[in-house]
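For reference, the structure discussed in these notes is given below.
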Amino acid sequence: MARTWTRIHEHLGCLPGPLTFDMVRRATDDNLDEFDDLDWKELPQPPRDGRWNEFAKDVAAMANTRGGLIIYGVEDKTTRLLGIDPEEANLQQYAQWIRNHVHPYLPDLDMFELTDGTKTVLVVDVPASEMAPHLVYGTAQRDKEQQAAVVPYRDNDHTAWMAEHQIERAYSDRFARVGLAEEQLQRHIDFTTRTITAHASVPSAWFIAVSRPQRPLPRGAYTMSQQEARQVLEAAEMRARALHGRPLVPGPLVGMGPDTLLNPRSGLRRWVCSNLESPVNREIITELHYDGTVVMAANLSFIRESEEPPGQDDDLLVSERLVTACCYDFVATAQEQQRKLRLDSALQLTALIISADKPRALAPLTSQWGDLQGRESTPPYARRPHYIQPAHTALSRCPQTRRDAAAPTNCART
């Protein structure tokens, strides 16, 4: 998902929105100078004879600074719009160069072409990376078996190499960001766990998942309306249905019922859908935070009043189908929240299964492959005690539909 506000937007006085070819043309006509977040280039050339991969170096340099645009098809000294030959631009090959030469990997890199029908430019949108510093690996000229690594960064309008003290500071900043992100995720998990424990009346296993943008919206920058929250939940339910078709077990978005799903309540800088107070259906919590965080929890051991609850020493049954449905619904909700807020960063996801009353063993319920009747049983390989470790992953930016290159833009000349 390309960023909606760049140096070109600022120069042209444009409102936030997708970059267009006309905006690039007007910026080059104005001789917009290069800076740390804007670089004019001709088409990338493959690394030869032990030389550095210049494309990878330029991308890493921006990721190590504050992100920006690299636009190919413009002469850097004159800002003359030359264009590129689209047949010579191999985006798959460029992505391979980045995977092979830039470490850690940059998952949010976005490459796309813009054209007016006669000329084409290649835009590389580089996000400011939370995993900086990124090293560029290349082969030393005098020893082809030796791998050399450097750390580039952008300094005004050129690329330089980080000194040792700059690299040390970059690593220190990265560890601080990672520690803060983990702390924020755990804070949401702990709060949700306390809420569940306070309401649980019988032993039960719960699915809890939290997603948080690597670069959340600043506090006070945006206030989501109830209508927007409702739109996110409706779109997430449709996306989840499309992902896993017609499941034998409904996920949390369906399980909480339409009255709860379509009427989120206002919370502290978030919208909350919860049926804990009147659990006619499966007990579920879904929270949409203004900063892009999404929290979802579902009772995996829901039983009706006519059924006998598990004993104090019994294992808690966990349905594989239900956990899968929870994961689909959670990812769909996180992506729709990301799309609604136009977040330009990846999401950090953590999911776990807990017991509401005390630590106890979990007994998995699985089904045979191809069983369309929904029958589940505990497999013989499930040894006691059985515990499930938390799962952690990252979700890349959700792609957006870009505005047509010939479409008008909301720009005011300044």
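Every chain in the structure tokens has a letter given in the order shown (A, B, ...), and although residue numbers restart at 1 in each chain, ligands are simply numbered from 1 in the order shown.
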Distance query Leu217 in chain A at most 10 Å, only C-alpha atoms, self and fewer than 5 positions along chain excluded, as a ChimeraX atom specification: /A:222,290-293,341-344
As a PyMOL selection string, please: all residues of range 107-301 of chain A that backbone DSSP puts in alpha helix (DSSP H). chain A and resi 164-199+226-244+252-255+258-261
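Compared by their closest atoms to Glu54 in chain A, and using only C-alpha atoms, the residues A:Glu75, A:Glu183, A:Glu42, A:Glu164 rank with A:Glu42 nearest.
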Exercise: Leu347 in chain A partners within 6 Å, only C-alpha atoms, chain neighbours under 3 positions left out, as a PyMOL selection string: chain A and resi 212-214+394-395
Could you write out that same residue set with all heavy atoms as a compact mmCIF listing (two decimals), in the first residue's frame?
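The file below, selection_18.txt, is the result:
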# COMPACT_ATOMS: atom_id res chain seq x y z
N ARG A 212 -1.29 -5.06 16.29
CA ARG A 212 -0.90 -3.67 16.55
C ARG A 212 0.00 -3.20 15.41
O ARG A 212 0.94 -3.91 15.03
CB ARG A 212 -0.15 -3.58 17.88
CG ARG A 212 0.28 -2.16 18.28
CD ARG A 212 0.96 -2.16 19.64
NE ARG A 212 1.34 -0.82 20.05
CZ ARG A 212 2.48 -0.22 19.70
NH1 ARG A 212 3.36 -0.87 18.94
NH2 ARG A 212 2.75 0.99 20.11
N PRO A 213 -0.27 -2.02 14.82
CA PRO A 213 0.61 -1.52 13.76
C PRO A 213 2.02 -1.26 14.29
O PRO A 213 2.20 -0.84 15.43
CB PRO A 213 -0.06 -0.21 13.32
CG PRO A 213 -1.45 -0.27 13.85
CD PRO A 213 -1.39 -1.10 15.08
N GLN A 214 3.01 -1.54 13.46
CA GLN A 214 4.38 -1.23 13.85
C GLN A 214 4.57 0.26 14.06
O GLN A 214 5.39 0.68 14.87
CB GLN A 214 5.36 -1.76 12.80
CG GLN A 214 5.47 -3.27 12.77
CD GLN A 214 6.52 -3.75 11.80
OE1 GLN A 214 6.92 -3.03 10.87
NE2 GLN A 214 6.97 -4.97 11.97
N ALA A 394 3.89 -11.39 11.64
CA ALA A 394 3.69 -10.04 11.11
C ALA A 394 2.86 -10.13 9.85
O ALA A 394 2.99 -11.09 9.07
CB ALA A 394 5.03 -9.36 10.82
N LEU A 395 2.01 -9.14 9.64
CA LEU A 395 1.14 -9.09 8.47
C LEU A 395 1.48 -7.84 7.68
O LEU A 395 1.43 -6.73 8.21
CB LEU A 395 -0.33 -9.06 8.91
CG LEU A 395 -1.39 -9.21 7.83
CD1 LEU A 395 -1.31 -10.60 7.20
CD2 LEU A 395 -2.78 -8.99 8.42
Applying 7 Å and only C-alpha atoms, which residues near Val74 in chain A remain after dropping the ones on its own chain fewer than 4 positions away? List them as a PyMOL selection string. chain A and resi 40-42+79-83
Would you export the selected residues with N, CA and C atoms as a CSV table (one decimal), in the first residue's frame, please?
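Dumped to selection.csv:
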chain,number,residue,atom,x,y,z
A,40,TRP,N,15.6,10.8,-7.5
A,40,TRP,CA,15.3,10.6,-9.0
A,40,TRP,C,16.4,9.7,-9.5
A,41,LYS,N,16.0,8.7,-10.3
A,41,LYS,CA,16.9,7.7,-10.8
A,41,LYS,C,16.5,7.3,-12.2
A,42,GLU,N,17.6,6.7,-12.9
A,42,GLU,CA,17.3,6.0,-14.1
A,42,GLU,C,17.1,4.5,-13.8
A,79,THR,N,16.3,16.7,-13.6
A,79,THR,CA,14.9,16.3,-13.3
A,79,THR,C,14.1,16.2,-14.6
A,80,ARG,N,14.8,15.9,-15.7
A,80,ARG,CA,14.1,15.7,-16.9
A,80,ARG,C,13.4,14.4,-16.9
A,81,LEU,N,12.1,14.4,-17.3
A,81,LEU,CA,11.3,13.2,-17.3
A,81,LEU,C,11.6,12.4,-18.5
A,82,LEU,N,12.4,11.3,-18.4
A,82,LEU,CA,12.8,10.5,-19.5
A,82,LEU,C,11.9,9.3,-19.7
A,83,GLY,N,11.4,8.8,-18.6
A,83,GLY,CA,10.6,7.6,-18.7
A,83,GLY,C,11.4,6.3,-18.8
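Between CA of Pro18 in chain A and CA of Gln226 in chain A the separation is 26.0 Å.
Comparing A:Glu277, A:Asp190, A:Asp116, A:Asp125 by their smallest distance to Val210 in chain A, the closest is A:Asp190 (using only C-alpha atoms).
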Rank A:Thr195, A:Asn53, A:Gln184, A:Thr20 by their smallest atom-to-atom distance to Val123 in chain A, using only C-alpha atoms, and report the top residue only. A:Thr20
Any idea what's packed within 9 Å of Glu113 in chain A, counting only C-alpha atoms, ignoring anything in its chain fewer than 6 positions away? Could you give it as number ranges by chain? A: 21, 86, 120-124
Could you write out, as a list in words, all the residues of range 176-292 of chain A that DSSP marks as strand (DSSP E)? Ala205, Trp206, Phe207, Ile208, Ala209, Val210, Ser211, Arg212, Pro213, Arg265, Ser266, Gly267, Arg270, Trp271, Val272, Cys273, Ser274, Ile284, Ile285, Thr286, Glu287, Leu288 and His289 of chain A
Counting only C-alpha atoms, the residue of A:Arg339, A:Arg321, A:Lys119, A:Arg239 that sits nearest Leu365 in chain A: A:Arg321
For Asp37 in chain A, list every protein, DNA or RNA residue within 12 Å, evaluated using only C-alpha atoms, and leave out those in the same chain fewer than 4 positions away; present the list as a ChimeraX atom specification. /A:5-8,10,33,58-59,61-71,124-128,153-159
Can you tell me, as number ranges by chain, what residues are no more than 7 Å from Thr333 in chain A when counting only C-alpha atoms, ignoring any on the same chain fewer than 4 positions away? A: 232-233, 236, 329, 337
Print the selection's residues with N, CA, C and O atoms to a file, as a PDB file, in the first residue's frame.
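So selection-v1.pdb came out as:
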ATOM      1  N   VAL A 232     -16.122  -1.400   9.368  1.00  0.00           N
ATOM      2  CA  VAL A 232     -14.975  -2.304   9.496  1.00  0.00           C
ATOM      3  C   VAL A 232     -15.437  -3.710   9.842  1.00  0.00           C
ATOM      4  O   VAL A 232     -14.993  -4.704   9.248  1.00  0.00           O
ATOM      5  N   LEU A 233     -16.343  -3.834  10.808  1.00  0.00           N
ATOM      6  CA  LEU A 233     -16.809  -5.147  11.242  1.00  0.00           C
ATOM      7  C   LEU A 233     -17.620  -5.849  10.153  1.00  0.00           C
ATOM      8  O   LEU A 233     -17.484  -7.069   9.956  1.00  0.00           O
ATOM      9  N   ALA A 236     -15.176  -6.987   7.544  1.00  0.00           N
ATOM     10  CA  ALA A 236     -14.385  -8.101   8.048  1.00  0.00           C
ATOM     11  C   ALA A 236     -15.174  -9.401   7.997  1.00  0.00           C
ATOM     12  O   ALA A 236     -14.631 -10.461   7.657  1.00  0.00           O
ATOM     13  N   ASP A 329     -11.373 -14.780  11.252  1.00  0.00           N
ATOM     14  CA  ASP A 329     -12.101 -13.567  11.612  1.00  0.00           C
ATOM     15  C   ASP A 329     -11.165 -12.499  12.149  1.00  0.00           C
ATOM     16  O   ASP A 329     -11.333 -11.300  11.853  1.00  0.00           O
ATOM     17  N   GLN A 337      -9.441  -2.999   9.505  1.00  0.00           N
ATOM     18  CA  GLN A 337      -9.073  -1.834  10.314  1.00  0.00           C
ATOM     19  C   GLN A 337      -7.886  -1.112   9.694  1.00  0.00           C
ATOM     20  O   GLN A 337      -7.839   0.125   9.617  1.00  0.00           O
TER      21      GLN A 337
END
Taking only C-alpha atoms into account, which of A:Gln186, A:Gln166, A:Thr115, A:Thr260 comes nearest Ser211 in chain A? A:Gln186
